[in-house]
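A.B. asks: Please find query36.txt (compact mmCIF, C-alpha atoms and all ligand atoms) on the next line:
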```txt
# COMPACT_ATOMS: atom_id res chain seq x y z
CA MET A 1 48.50 -23.20 27.82
CA ARG A 2 46.26 -26.20 26.98
CA LYS A 3 43.55 -24.67 29.16
CA LEU A 4 43.87 -21.37 27.35
CA ASN A 5 43.65 -23.13 23.96
CA LEU A 6 40.55 -25.03 25.11
CA PHE A 7 39.02 -21.78 26.35
CA LEU A 8 39.77 -19.92 23.11
CA GLY A 9 38.48 -22.92 21.17
CA SER A 10 35.17 -22.89 23.01
CA VAL A 11 34.82 -19.14 22.55
CA LEU A 12 35.39 -19.63 18.82
CA VAL A 13 32.83 -22.47 18.61
CA LEU A 14 30.26 -20.44 20.57
CA PHE A 15 30.93 -17.42 18.36
CA MET A 16 30.51 -19.44 15.17
CA PHE A 17 27.37 -21.12 16.53
CA GLY A 18 26.00 -17.69 17.40
CA ILE A 19 26.56 -16.41 13.89
CA SER A 20 25.10 -19.43 12.15
CA SER A 21 22.01 -19.64 14.38
CA CYS A 22 21.41 -15.96 13.80
CA GLY A 23 21.69 -16.50 10.05
CA ASN A 24 19.38 -19.54 10.18
CA LYS A 25 16.77 -17.60 12.10
CA ALA A 26 16.56 -15.03 9.31
CA LYS A 27 16.51 -17.76 6.66
CA GLU A 28 13.62 -19.59 8.31
CA MET A 29 11.58 -16.39 8.52
CA VAL A 30 11.93 -15.46 4.85
CA THR A 31 12.27 -17.83 1.92
CA THR A 32 12.95 -16.67 -1.61
CA GLU A 33 11.87 -18.30 -4.88
CA ASN A 34 12.26 -17.38 -8.49
CA PHE A 35 9.21 -15.59 -9.95
CA GLY A 36 10.64 -14.96 -13.43
CA SER A 37 12.40 -11.96 -14.89
CA PHE A 38 11.47 -8.64 -16.45
CA ASP A 39 13.50 -5.90 -18.05
CA GLY A 40 16.62 -8.07 -17.70
CA LYS A 41 16.16 -8.24 -13.93
CA GLU A 42 15.35 -11.15 -11.69
CA VAL A 43 11.97 -11.14 -9.99
CA SER A 44 11.48 -13.12 -6.78
CA LEU A 45 8.64 -14.23 -4.57
CA PHE A 46 9.37 -13.82 -0.85
CA THR A 47 7.49 -15.80 1.78
CA LEU A 48 7.55 -14.23 5.24
CA THR A 49 6.44 -16.46 8.11
CA ASN A 50 6.04 -15.00 11.60
CA ALA A 51 6.13 -16.80 14.95
CA LYS A 52 2.37 -17.48 14.70
CA GLY A 53 2.96 -19.32 11.44
CA ASP A 54 1.00 -16.70 9.50
CA VAL A 55 2.30 -15.92 6.05
CA VAL A 56 2.71 -12.83 3.87
CA LYS A 57 4.10 -13.10 0.35
CA LEU A 58 5.80 -10.23 -1.47
CA THR A 59 7.44 -9.65 -4.83
CA ASN A 60 10.01 -7.10 -5.89
CA TYR A 61 8.00 -6.47 -9.10
CA GLY A 62 6.24 -3.27 -8.06
CA ALA A 63 7.38 -3.95 -4.45
CA ALA A 64 4.02 -5.68 -4.12
CA ILE A 65 2.13 -7.56 -1.44
CA VAL A 66 1.07 -10.84 -3.13
CA GLU A 67 -0.69 -12.70 -0.30
CA VAL A 68 -1.76 -12.14 3.31
CA ASN A 69 -2.82 -15.41 4.93
CA VAL A 70 -4.54 -14.85 8.24
CA PRO A 71 -7.03 -16.77 10.40
CA ASP A 72 -10.71 -16.04 10.91
CA ARG A 73 -12.29 -16.29 14.36
CA ASN A 74 -12.30 -20.12 14.11
CA GLY A 75 -8.63 -20.22 13.20
CA ASP A 76 -9.25 -20.99 9.51
CA LYS A 77 -6.66 -19.24 7.39
CA ALA A 78 -7.32 -17.60 4.03
CA ASN A 79 -5.55 -15.20 1.71
CA ILE A 80 -7.41 -11.91 2.03
CA THR A 81 -5.59 -9.76 -0.51
CA PHE A 82 -5.54 -9.63 -4.32
CA GLY A 83 -2.54 -10.97 -6.20
CA TYR A 84 -1.67 -12.88 -9.36
CA GLU A 85 -0.40 -16.44 -9.62
CA THR A 86 2.48 -15.56 -11.94
CA LEU A 87 4.67 -12.66 -12.98
CA ASP A 88 2.85 -12.69 -16.34
CA GLY A 89 -0.35 -11.96 -14.43
CA TYR A 90 1.32 -8.91 -12.88
CA LEU A 91 2.70 -7.76 -16.25
CA ALA A 92 -0.76 -7.94 -17.85
CA GLY A 93 -2.72 -6.66 -14.84
CA ASP A 94 -3.71 -3.03 -14.59
CA ALA A 95 -5.32 -2.51 -11.18
CA TYR A 96 -2.18 -2.07 -9.01
CA PHE A 97 -2.84 -5.13 -6.80
CA GLY A 98 -0.75 -4.75 -3.64
CA LYS A 99 1.74 -2.50 -5.42
CA VAL A 100 3.75 0.42 -4.11
CA VAL A 101 2.60 3.41 -6.12
CA GLY A 102 4.78 6.44 -6.89
CA GLN A 103 6.21 8.92 -7.66
CA TYR A 104 2.81 10.52 -7.22
CA ALA A 105 0.07 8.19 -6.05
CA ASN A 106 -3.46 9.17 -7.14
CA ARG A 107 -4.30 11.88 -9.68
CA ILE A 108 -2.60 15.02 -10.96
CA ALA A 109 -4.99 17.21 -12.95
CA LYS A 110 -4.33 17.25 -16.70
CA GLY A 111 -0.89 15.72 -16.01
CA LYS A 112 0.66 19.09 -15.27
CA PHE A 113 2.18 20.81 -12.27
CA THR A 114 4.46 23.76 -11.68
CA LEU A 115 7.33 23.65 -9.23
CA ASP A 116 9.75 26.56 -8.74
CA GLU A 117 8.26 28.24 -11.83
CA VAL A 118 8.97 25.28 -14.10
CA GLU A 119 6.02 23.41 -15.59
CA TYR A 120 6.28 19.62 -15.69
CA THR A 121 4.18 17.45 -18.01
CA LEU A 122 3.19 13.87 -17.20
CA ALA A 123 1.59 11.14 -19.32
CA LEU A 124 -2.23 11.17 -19.30
CA ASN A 125 -3.00 7.55 -18.42
CA ASN A 126 -6.41 8.31 -16.85
CA PHE A 127 -7.72 10.81 -19.32
CA PRO A 128 -7.61 13.78 -18.85
CA ASN A 129 -5.37 13.20 -15.83
CA SER A 130 -2.22 11.42 -14.77
CA LEU A 131 -2.79 8.55 -12.34
CA HIS A 132 -0.48 6.69 -9.96
CA GLY A 133 2.88 7.94 -11.25
CA GLY A 134 2.06 7.34 -14.92
CA PRO A 135 1.90 4.20 -17.09
CA ALA A 136 5.46 3.19 -16.17
CA GLY A 137 5.35 4.34 -12.56
CA TRP A 138 7.01 2.58 -9.65
CA HIS A 139 4.32 -0.12 -9.61
CA SER A 140 5.69 -1.42 -12.92
CA ARG A 141 9.37 -1.50 -12.00
CA VAL A 142 11.60 -4.27 -10.72
CA TRP A 143 12.90 -3.09 -7.35
CA THR A 144 16.15 -4.31 -5.80
CA ALA A 145 15.41 -6.69 -2.94
CA GLU A 146 17.22 -7.41 0.30
CA VAL A 147 16.10 -9.86 2.96
CA LEU A 148 17.05 -8.10 6.19
CA LYS A 149 19.22 -10.06 8.60
CA GLY A 150 19.29 -9.95 12.38
CA THR A 151 15.77 -8.53 12.67
CA ASP A 152 13.22 -9.68 15.25
CA PHE A 153 10.61 -10.29 12.55
CA PRO A 154 10.74 -11.30 8.93
CA ALA A 155 11.58 -8.17 6.96
CA VAL A 156 12.33 -7.40 3.32
CA LYS A 157 13.58 -4.14 1.89
CA PHE A 158 12.86 -3.02 -1.67
CA THR A 159 14.71 -0.14 -3.33
CA TYR A 160 14.00 1.67 -6.59
CA ASN A 161 16.44 4.17 -8.11
CA LYS A 162 14.37 6.47 -10.28
CA PRO A 163 16.36 8.40 -12.89
CA ASP A 164 15.85 12.15 -13.28
CA MET A 165 12.71 12.96 -15.36
CA GLU A 166 11.52 9.37 -15.66
CA GLU A 167 7.74 9.56 -16.18
CA GLY A 168 8.17 13.34 -16.14
CA TYR A 169 9.16 13.73 -12.47
CA PRO A 170 12.30 15.72 -11.64
CA GLY A 171 15.11 14.33 -9.51
CA ASN A 172 17.24 11.24 -9.23
CA VAL A 173 15.07 9.71 -6.56
CA VAL A 174 15.78 6.73 -4.32
CA ALA A 175 12.67 5.07 -2.91
CA GLU A 176 12.86 2.43 -0.20
CA VAL A 177 10.13 0.41 1.41
CA VAL A 178 10.74 -2.05 4.24
CA TYR A 179 8.02 -4.60 4.92
CA ASN A 180 8.11 -5.93 8.51
CA TRP A 181 5.78 -8.82 9.35
CA THR A 182 5.49 -8.90 13.14
CA ASP A 183 4.37 -11.70 15.44
CA ASP A 184 1.21 -9.67 16.15
CA ASN A 185 0.22 -9.88 12.47
CA GLU A 186 1.15 -6.29 11.74
CA LEU A 187 2.48 -5.57 8.29
CA ILE A 188 4.51 -2.43 8.92
CA MET A 189 5.53 -0.55 5.77
CA ASP A 190 8.32 1.96 6.32
CA TYR A 191 9.05 4.33 3.45
CA LYS A 192 12.08 6.52 2.82
CA VAL A 193 12.45 8.65 -0.31
CA THR A 194 15.37 10.94 -1.14
CA THR A 195 16.12 13.18 -4.12
CA ASP A 196 19.00 15.22 -5.53
CA ARG A 197 16.64 17.88 -6.91
CA ARG A 198 13.36 19.43 -5.72
CA SER A 199 10.40 17.32 -6.72
CA VAL A 200 7.01 16.06 -5.52
CA ILE A 201 6.21 12.84 -3.69
CA ASN A 202 3.11 10.83 -2.78
CA ILE A 203 3.58 7.16 -2.04
CA THR A 204 1.07 4.49 -1.09
CA ASN A 205 0.36 0.80 -1.11
CA HIS A 206 -2.56 -0.20 -3.32
CA ALA A 207 -3.58 -3.52 -1.67
CA TYR A 208 -7.16 -4.72 -2.14
CA PHE A 209 -8.75 -6.60 0.73
CA ASN A 210 -11.71 -8.90 1.05
CA LEU A 211 -11.88 -10.25 4.59
CA HIS A 212 -13.97 -13.29 3.53
CA GLY A 213 -10.93 -14.40 1.56
CA SER A 214 -10.06 -12.79 -1.77
CA GLY A 215 -12.35 -13.84 -4.61
CA ASN A 216 -15.16 -14.81 -2.21
CA GLY A 217 -18.04 -12.42 -2.78
CA ASP A 218 -18.14 -8.65 -2.50
CA ILE A 219 -17.19 -6.20 0.24
CA LEU A 220 -20.61 -4.55 0.63
CA ASP A 221 -21.08 -6.44 3.92
CA HIS A 222 -17.77 -5.19 5.37
CA GLU A 223 -18.12 -2.71 8.21
CA VAL A 224 -15.81 0.30 7.90
CA LEU A 225 -14.64 2.94 10.35
CA ILE A 226 -12.59 5.94 9.17
CA ARG A 227 -11.51 8.57 11.67
CA ALA A 228 -11.98 11.49 9.29
CA SER A 229 -14.24 14.51 9.87
CA ALA A 230 -13.93 15.71 6.27
CA PHE A 231 -13.28 14.41 2.77
CA THR A 232 -12.16 15.99 -0.51
CA PRO A 233 -15.07 16.07 -3.00
CA VAL A 234 -14.11 15.58 -6.64
CA ASP A 235 -15.06 16.89 -10.08
CA PRO A 236 -16.30 14.46 -12.78
CA THR A 237 -12.68 13.47 -13.56
CA LEU A 238 -12.07 12.59 -9.88
CA ILE A 239 -9.85 15.61 -9.22
CA PRO A 240 -10.51 17.32 -5.85
CA THR A 241 -12.40 20.59 -6.17
CA GLY A 242 -10.37 22.06 -3.29
CA GLU A 243 -13.28 21.90 -0.86
CA LEU A 244 -12.85 20.05 2.45
CA ARG A 245 -16.40 18.89 3.03
CA PRO A 246 -17.46 17.85 6.54
CA VAL A 247 -18.65 14.22 6.54
CA GLU A 248 -21.38 15.07 9.07
CA GLY A 249 -24.78 14.08 7.68
CA THR A 250 -23.33 12.51 4.49
CA PRO A 251 -22.76 8.89 3.35
CA PHE A 252 -19.06 9.66 3.91
CA ASP A 253 -19.42 9.72 7.68
CA PHE A 254 -17.58 6.59 8.80
CA ARG A 255 -16.60 8.02 12.19
CA THR A 256 -18.85 5.30 13.58
CA PRO A 257 -18.81 1.94 11.76
CA HIS A 258 -21.08 1.49 8.73
CA LEU A 259 -21.42 -1.30 6.21
CA ILE A 260 -20.01 -0.31 2.81
CA GLY A 261 -23.27 -1.38 1.17
CA GLU A 262 -25.48 0.64 3.52
CA ARG A 263 -25.25 3.99 1.70
CA ILE A 264 -23.15 3.31 -1.43
CA GLY A 265 -26.25 3.35 -3.66
CA GLU A 266 -27.57 6.68 -2.38
CA GLU A 267 -28.27 9.51 -4.83
CA TYR A 268 -25.49 11.62 -3.33
CA ASP A 269 -23.52 13.73 -5.83
CA GLN A 270 -20.11 12.39 -4.78
CA LEU A 271 -21.18 8.75 -4.82
CA ILE A 272 -22.53 9.22 -8.33
CA LEU A 273 -19.33 10.94 -9.57
CA GLY A 274 -17.13 8.32 -7.91
CA ARG A 275 -19.31 5.38 -9.07
CA GLY A 276 -19.20 4.48 -5.39
CA TYR A 277 -16.50 5.37 -2.91
CA ASP A 278 -13.29 6.51 -4.61
CA HIS A 279 -12.39 9.47 -2.41
CA ASN A 280 -9.72 10.88 -0.19
CA PHE A 281 -10.65 11.22 3.49
CA VAL A 282 -8.96 13.91 5.56
CA LEU A 283 -7.76 11.97 8.57
CA ASP A 284 -8.21 13.41 12.04
CA ASN A 285 -4.90 11.71 13.01
CA VAL A 286 -5.85 11.85 16.67
CA GLU A 287 -6.09 8.21 17.66
CA GLU A 288 -3.64 5.42 16.93
CA VAL A 289 -5.93 3.56 14.55
CA ASP A 290 -7.03 5.70 11.58
CA ALA A 291 -9.32 3.20 9.87
CA GLU A 292 -10.75 -0.23 10.54
CA VAL A 293 -12.54 -2.85 8.46
CA TYR A 294 -14.52 -5.66 10.09
CA ASP A 295 -16.18 -8.63 8.48
CA PRO A 296 -19.00 -9.81 10.78
CA SER A 297 -19.19 -13.22 9.07
CA THR A 298 -15.56 -14.31 9.55
CA GLY A 299 -14.66 -11.98 12.42
CA ARG A 300 -11.56 -10.75 10.57
CA VAL A 301 -10.45 -7.20 11.33
CA LEU A 302 -8.03 -4.98 9.41
CA GLN A 303 -6.71 -1.88 11.16
CA VAL A 304 -4.87 0.87 9.30
CA ILE A 305 -2.41 3.06 11.18
CA THR A 306 -0.63 5.85 9.33
CA ASP A 307 1.23 9.13 9.68
CA GLN A 308 -0.14 10.35 6.33
CA PRO A 309 -2.82 13.09 6.22
CA GLY A 310 -5.24 11.20 3.97
CA VAL A 311 -6.60 7.84 2.96
CA GLN A 312 -8.34 6.91 -0.30
CA LEU A 313 -11.28 4.58 0.20
CA TYR A 314 -11.76 2.78 -3.11
CA THR A 315 -14.48 0.15 -3.29
CA GLY A 316 -13.36 -1.71 -6.42
CA ASN A 317 -15.79 0.17 -8.66
CA PHE A 318 -13.72 -0.56 -11.77
CA LEU A 319 -13.29 -4.29 -11.08
CA ASP A 320 -15.31 -6.22 -13.65
CA GLY A 321 -14.42 -9.90 -13.42
CA THR A 322 -11.73 -9.70 -16.12
CA GLN A 323 -8.86 -10.21 -13.65
CA THR A 324 -8.07 -13.72 -12.43
CA GLY A 325 -5.88 -13.93 -9.37
CA ARG A 326 -4.15 -16.50 -7.19
CA GLY A 327 -5.87 -19.84 -6.92
CA GLY A 328 -7.95 -19.04 -10.04
CA LYS A 329 -10.05 -16.54 -8.11
CA VAL A 330 -11.93 -14.05 -10.27
CA TYR A 331 -12.13 -10.52 -8.94
CA GLN A 332 -15.66 -9.23 -9.57
CA TYR A 333 -17.19 -5.76 -9.26
CA ARG A 334 -16.73 -4.44 -5.73
CA SER A 335 -15.10 -7.64 -4.53
CA GLY A 336 -12.23 -5.77 -2.86
CA LEU A 337 -11.61 -2.48 -1.10
CA CYS A 338 -8.49 -0.36 -0.79
CA LEU A 339 -7.46 2.01 1.96
CA GLU A 340 -4.60 3.85 0.30
CA THR A 341 -2.82 6.06 2.84
CA GLN A 342 -1.57 9.17 1.09
CA HIS A 343 -1.30 12.91 0.66
CA PHE A 344 -4.35 14.43 -1.00
CA PRO A 345 -4.80 13.89 -4.74
CA ASP A 346 -3.59 16.71 -7.01
CA SER A 347 -1.75 18.44 -4.14
CA PRO A 348 0.95 19.87 -6.45
CA ASN A 349 -1.82 22.03 -7.97
CA GLN A 350 -3.70 22.83 -4.76
CA ALA A 351 -1.91 25.32 -2.55
CA SER A 352 -4.33 24.79 0.36
CA PHE A 353 -3.47 21.07 0.67
CA PRO A 354 -0.52 19.87 2.80
CA SER A 355 2.75 20.19 0.89
CA VAL A 356 4.10 17.27 -1.16
CA ILE A 357 7.40 18.92 -2.06
CA LEU A 358 10.42 16.66 -1.71
CA THR A 359 13.75 18.41 -1.21
CA PRO A 360 17.36 17.19 -1.25
CA GLU A 361 17.73 18.46 2.34
CA GLU A 362 14.96 16.39 3.88
CA PRO A 363 14.15 12.75 3.13
CA PHE A 364 10.47 11.81 2.98
CA LEU A 365 9.90 9.37 5.85
CA SER A 366 6.57 7.67 6.44
CA SER A 367 5.06 4.57 7.97
CA THR A 368 1.76 2.76 7.46
CA THR A 369 0.68 -0.43 9.21
CA TYR A 370 -1.97 -2.94 8.21
CA LYS A 371 -2.79 -4.93 11.33
CA PHE A 372 -4.83 -8.12 11.02
CA GLY A 373 -6.87 -9.67 13.83
CA VAL A 374 -10.25 -11.13 14.74
CA ARG A 375 -13.20 -10.20 16.84
C1 LIG B 401 -7.26 4.27 -7.43
C2 LIG B 401 -8.15 5.25 -8.08
C3 LIG B 401 -9.29 4.55 -8.71
C4 LIG B 401 -8.82 3.48 -9.66
C5 LIG B 401 -7.90 2.55 -8.94
C6 LIG B 401 -7.27 1.54 -9.87
O1 LIG B 401 -7.69 3.87 -6.23
O2 LIG B 401 -8.58 6.26 -7.21
O3 LIG B 401 -10.10 5.47 -9.39
O4 LIG B 401 -8.14 4.08 -10.72
O5 LIG B 401 -6.88 3.26 -8.31
O6 LIG B 401 -8.21 0.86 -10.65
```
Can you give me the file's structure in the form of structure tokens?
Ligand code: GLA
C.D. replies:
Amino acid sequence: MRKLNLFLGSVLVLFMFGISSCGNKAKEMVTTENFGSFDGKEVSLFTLTNAKGDVVKLTNYGAAIVEVNVPDRNGDKANITFGYETLDGYLAGDAYFGKVVGQYANRIAKGKFTLDEVEYTLALNNFPNSLHGGPAGWHSRVWTAEVLKGTDFPAVKFTYNKPDMEEGYPGNVVAEVVYNWTDDNELIMDYKVTTDRRSVINITNHAYFNLHGSGNGDILDHEVLIRASAFTPVDPTLIPTGELRPVEGTPFDFRTPHLIGERIGEEYDQLILGRGYDHNFVLDNVEEVDAEVYDPSTGRVLQVITDQPGVQLYTGNFLDGTQTGRGGKVYQYRSGLCLETQHFPDSPNQASFPSVILTPEEPFLSSTTYKFGVR
């Protein structure tokens, strides 16, 4: 009997130890601090540390990436993405730093689309168009946060419950994004969006990167590769004309690596209209890596892997030094670039583009990875 008690006792101790060490593991990987409050909801700053000791910071305001601290080829770490020091910075900021953008990322012409013979009208926050889900889109909402337990890597899940017709979009929509920060310095973003009524969906992350370290010079010396044989030219309001233009022989051919600054100043119609690169590339989706950015001076590499059909290359053409970010860094003209994985802009109005219709029967599932390394 005594033996049995001892045995049961040890099983119990082992079991309890197992539970607590499991819990501790998750706690060590993600720490949570208060970042203020907005709209009566608590906003937190999450610090995710992987086995390498490399750190990503996130906030549930806009489900945003706040920092990505990764080494250069000498092992010196720097934050290479744009973010603000405080929640007030985020509330005042207008350039979507690191945010999850929805319900429709990018532009919808004249803020109107028709679905099932009903016309929907959106706010025109980028006259004459609607941009990035409208002025109070998902980037400006406090998402519910959950630090995931029992995962192999630090992981945080953000959820936003969007009421029917908020910002003009039909459907009670539930949007989830899980950020996984792996030991190979991959930031894997898994999206799931459901609705109770037919609607449209286009979701992206709007992180800006500067591989020198954010706030340190411009990105004209970054080398970019995009596996896209065509892009979608735009009209003067940055709405696609419907044409899929082959990149061959244009400054949009990044199928072999080119420095951003090499051709950005060319007198090419689309570079003039976009004030630089601010265009959707039609991804070939044939190799694992869809796009890559390399900084020859630090050796840092960013790889983008996605299941989405497009990616917006935006070269920070509207940055003007009026935004001050973490560590007092000032974000100047073209000091950051975005690779926003997405469906094509204005798809609800362009029947030839891949469909962006979200139905109650089929959740929208998607995954994009930013992988950081050196060369
Ligand atoms: C997107 C757009 C740009 C600009 C930025 C935010 O990438 O395509 O034109 O509006 O967002 O400043």
A.B. asks: Around ligand LIG 401 (chain B), at most 8 Å away and counting all atoms listed in the file, which residues are there? Put them as a PDB file with C-alpha atoms, in the coordinates of the input, please.
C.D. replies:
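The resulting file, pocket_27.pdb, is shown below:
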```
ATOM      1  CA  ASP A  94      -3.710  -3.030 -14.590  1.00  0.00           C
ATOM      2  CA  ALA A  95      -5.320  -2.510 -11.180  1.00  0.00           C
ATOM      3  CA  TYR A  96      -2.180  -2.070  -9.010  1.00  0.00           C
ATOM      4  CA  ASN A 106      -3.460   9.170  -7.140  1.00  0.00           C
ATOM      5  CA  ARG A 107      -4.300  11.880  -9.680  1.00  0.00           C
ATOM      6  CA  ASN A 126      -6.410   8.310 -16.850  1.00  0.00           C
ATOM      7  CA  LEU A 131      -2.790   8.550 -12.340  1.00  0.00           C
ATOM      8  CA  HIS A 132      -0.480   6.690  -9.960  1.00  0.00           C
ATOM      9  CA  HIS A 206      -2.560  -0.200  -3.320  1.00  0.00           C
ATOM     10  CA  LEU A 238     -12.070  12.590  -9.880  1.00  0.00           C
ATOM     11  CA  GLY A 274     -17.130   8.320  -7.910  1.00  0.00           C
ATOM     12  CA  ASP A 278     -13.290   6.510  -4.610  1.00  0.00           C
ATOM     13  CA  HIS A 279     -12.390   9.470  -2.410  1.00  0.00           C
ATOM     14  CA  GLN A 312      -8.340   6.910  -0.300  1.00  0.00           C
ATOM     15  CA  LEU A 313     -11.280   4.580   0.200  1.00  0.00           C
ATOM     16  CA  TYR A 314     -11.760   2.780  -3.110  1.00  0.00           C
ATOM     17  CA  GLY A 316     -13.360  -1.710  -6.420  1.00  0.00           C
ATOM     18  CA  ASN A 317     -15.790   0.170  -8.660  1.00  0.00           C
ATOM     19  CA  PHE A 318     -13.720  -0.560 -11.770  1.00  0.00           C
ATOM     20  CA  LEU A 319     -13.290  -4.290 -11.080  1.00  0.00           C
ATOM     21  CA  CYS A 338      -8.490  -0.360  -0.790  1.00  0.00           C
ATOM     22  CA  GLU A 340      -4.600   3.850   0.300  1.00  0.00           C
TER      23      GLU A 340
END
```
A.B. asks: May I ask which of the residues A:Leu259, A:Ile65, A:Val289, A:Met29 is the closest one to A:Lys52, counting only C-alpha atoms?
C.D. replies: A:Met29
A.B. asks: Quick one: of A:Leu187, A:Val234, A:Ala92, A:Val200, who's nearest to A:Leu358, counting only C-alpha atoms?
C.D. replies: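 Among the listed residues, the smallest separation from A:Leu358 belongs to A:Val200.
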A.B. asks: Just give me the residues with any atom within 8 Å of (13.0, 25.3, -3.4), file coordinates, counting only C-alpha atoms, written as a count of residues only.
C.D. replies: 3
A.B. asks: Counting only C-alpha atoms, give me one row per residue of stretch 36-117 of chain A with an atom at most 8 Å from an atom of stretch 207-228 of chain A, showing the shortest contact pair and its distance in Å to one decimal, sorted by chain then residue number, as a Markdown table.
C.D. replies:
```
| residue | atom | partner | partner_atom | distance |
| --- | --- | --- | --- | --- |
| A:Ile65 | CA | A:Ala207 | CA | 7.0 |
| A:Ala78 | CA | A:Gly213 | CA | 5.4 |
| A:Asn79 | CA | A:Gly213 | CA | 5.4 |
| A:Ile80 | CA | A:Gly213 | CA | 4.3 |
| A:Thr81 | CA | A:Phe209 | CA | 4.6 |
| A:Phe82 | CA | A:Tyr208 | CA | 5.6 |
| A:Tyr96 | CA | A:Ala207 | CA | 7.6 |
| A:Phe97 | CA | A:Ala207 | CA | 5.4 |
| A:Gly98 | CA | A:Ala207 | CA | 3.7 |
| A:Lys99 | CA | A:Ala207 | CA | 6.6 |
```
A.B. asks: State, in Å with one decimal place, the distance from atom CA of A:Phe231 to atom CA of A:Val301.
C.D. replies: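 Computing the Euclidean distance for atom CA of A:Phe231 and atom CA of A:Val301 yields 23.4 Å.
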A.B. asks: Tell me which of A:Leu302, A:Val142, A:Val282, A:Val30 sits closest to A:Val56, counting all atoms listed in the file.
C.D. replies: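 Using all atoms listed in the file, the shortest distance to A:Val56 belongs to A:Val30.
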A.B. asks: Quote the spacing between atom CA of A:Asp253 and atom CA of A:Pro354 in Å to one decimal place.
C.D. replies: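 Between these atoms lies a distance of 22.0 Å.
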A.B. asks: For a quick check of understanding, using all atoms listed in the file, which of A:Gln332, A:Thr232, A:Thr237, A:Ser297 has the smallest distance to A:Val311?
C.D. replies: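 Nearest candidate to A:Val311 out of A:Gln332, A:Thr232, A:Thr237, A:Ser297: A:Thr232.
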A.B. asks: Name the closest residue to A:Thr151 among the candidates A:Ile264, A:Ser335, A:Trp181, A:Pro170; distances are taken between atoms, counting all atoms listed in the file.
C.D. replies: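 Using all atoms listed in the file, A:Thr151 sits closest to A:Trp181.
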A.B. asks: Find the residue from A:Arg334, A:Leu45, A:Asn74, A:Asp164 that sits nearest to A:Arg275; use all atoms listed in the file when measuring.
C.D. replies: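 Going through A:Arg334, A:Leu45, A:Asn74, A:Asp164 one by one, the smallest distance to A:Arg275 is for A:Arg334.
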A.B. asks: Some atoms are absent from stretch 296-307 of chain A, so rebuild N, CA and C atoms and return them as a PDB file, keeping the file's coordinate frame.
C.D. replies:
```pdb
ATOM      1  N   PRO A 296     -18.240  -9.109   9.741  1.00  0.00           N
ATOM      2  CA  PRO A 296     -19.000  -9.810  10.780  1.00  0.00           C
ATOM      3  C   PRO A 296     -19.068 -11.323  10.552  1.00  0.00           C
ATOM      4  N   SER A 297     -19.024 -11.781   9.298  1.00  0.00           N
ATOM      5  CA  SER A 297     -19.190 -13.220   9.070  1.00  0.00           C
ATOM      6  C   SER A 297     -17.957 -14.032   9.467  1.00  0.00           C
ATOM      7  N   THR A 298     -16.767 -13.544   9.198  1.00  0.00           N
ATOM      8  CA  THR A 298     -15.560 -14.310   9.550  1.00  0.00           C
ATOM      9  C   THR A 298     -14.909 -13.803  10.836  1.00  0.00           C
ATOM     10  N   GLY A 299     -15.274 -12.588  11.243  1.00  0.00           N
ATOM     11  CA  GLY A 299     -14.660 -11.980  12.420  1.00  0.00           C
ATOM     12  C   GLY A 299     -13.334 -11.303  12.132  1.00  0.00           C
ATOM     13  N   ARG A 300     -12.869 -11.373  10.877  1.00  0.00           N
ATOM     14  CA  ARG A 300     -11.560 -10.750  10.570  1.00  0.00           C
ATOM     15  C   ARG A 300     -11.648  -9.224  10.666  1.00  0.00           C
ATOM     16  N   VAL A 301     -10.547  -8.650  11.170  1.00  0.00           N
ATOM     17  CA  VAL A 301     -10.450  -7.200  11.330  1.00  0.00           C
ATOM     18  C   VAL A 301      -9.147  -6.738  10.667  1.00  0.00           C
ATOM     19  N   LEU A 302      -9.233  -5.630   9.939  1.00  0.00           N
ATOM     20  CA  LEU A 302      -8.030  -4.980   9.410  1.00  0.00           C
ATOM     21  C   LEU A 302      -7.993  -3.582  10.009  1.00  0.00           C
ATOM     22  N   GLN A 303      -6.878  -3.246  10.637  1.00  0.00           N
ATOM     23  CA  GLN A 303      -6.710  -1.880  11.160  1.00  0.00           C
ATOM     24  C   GLN A 303      -5.621  -1.188  10.344  1.00  0.00           C
ATOM     25  N   VAL A 304      -5.847   0.086  10.061  1.00  0.00           N
ATOM     26  CA  VAL A 304      -4.870   0.870   9.300  1.00  0.00           C
ATOM     27  C   VAL A 304      -4.367   2.002  10.189  1.00  0.00           C
ATOM     28  N   ILE A 305      -3.053   2.055  10.318  1.00  0.00           N
ATOM     29  CA  ILE A 305      -2.410   3.060  11.180  1.00  0.00           C
ATOM     30  C   ILE A 305      -1.411   3.801  10.299  1.00  0.00           C
ATOM     31  N   THR A 306      -1.526   5.121  10.235  1.00  0.00           N
ATOM     32  CA  THR A 306      -0.630   5.850   9.330  1.00  0.00           C
ATOM     33  C   THR A 306      -0.261   7.218   9.880  1.00  0.00           C
ATOM     34  N   ASP A 307       0.856   7.748   9.369  1.00  0.00           N
ATOM     35  CA  ASP A 307       1.230   9.130   9.680  1.00  0.00           C
ATOM     36  C   ASP A 307       0.876  10.059   8.522  1.00  0.00           C
TER      37      ASP A 307
END
```
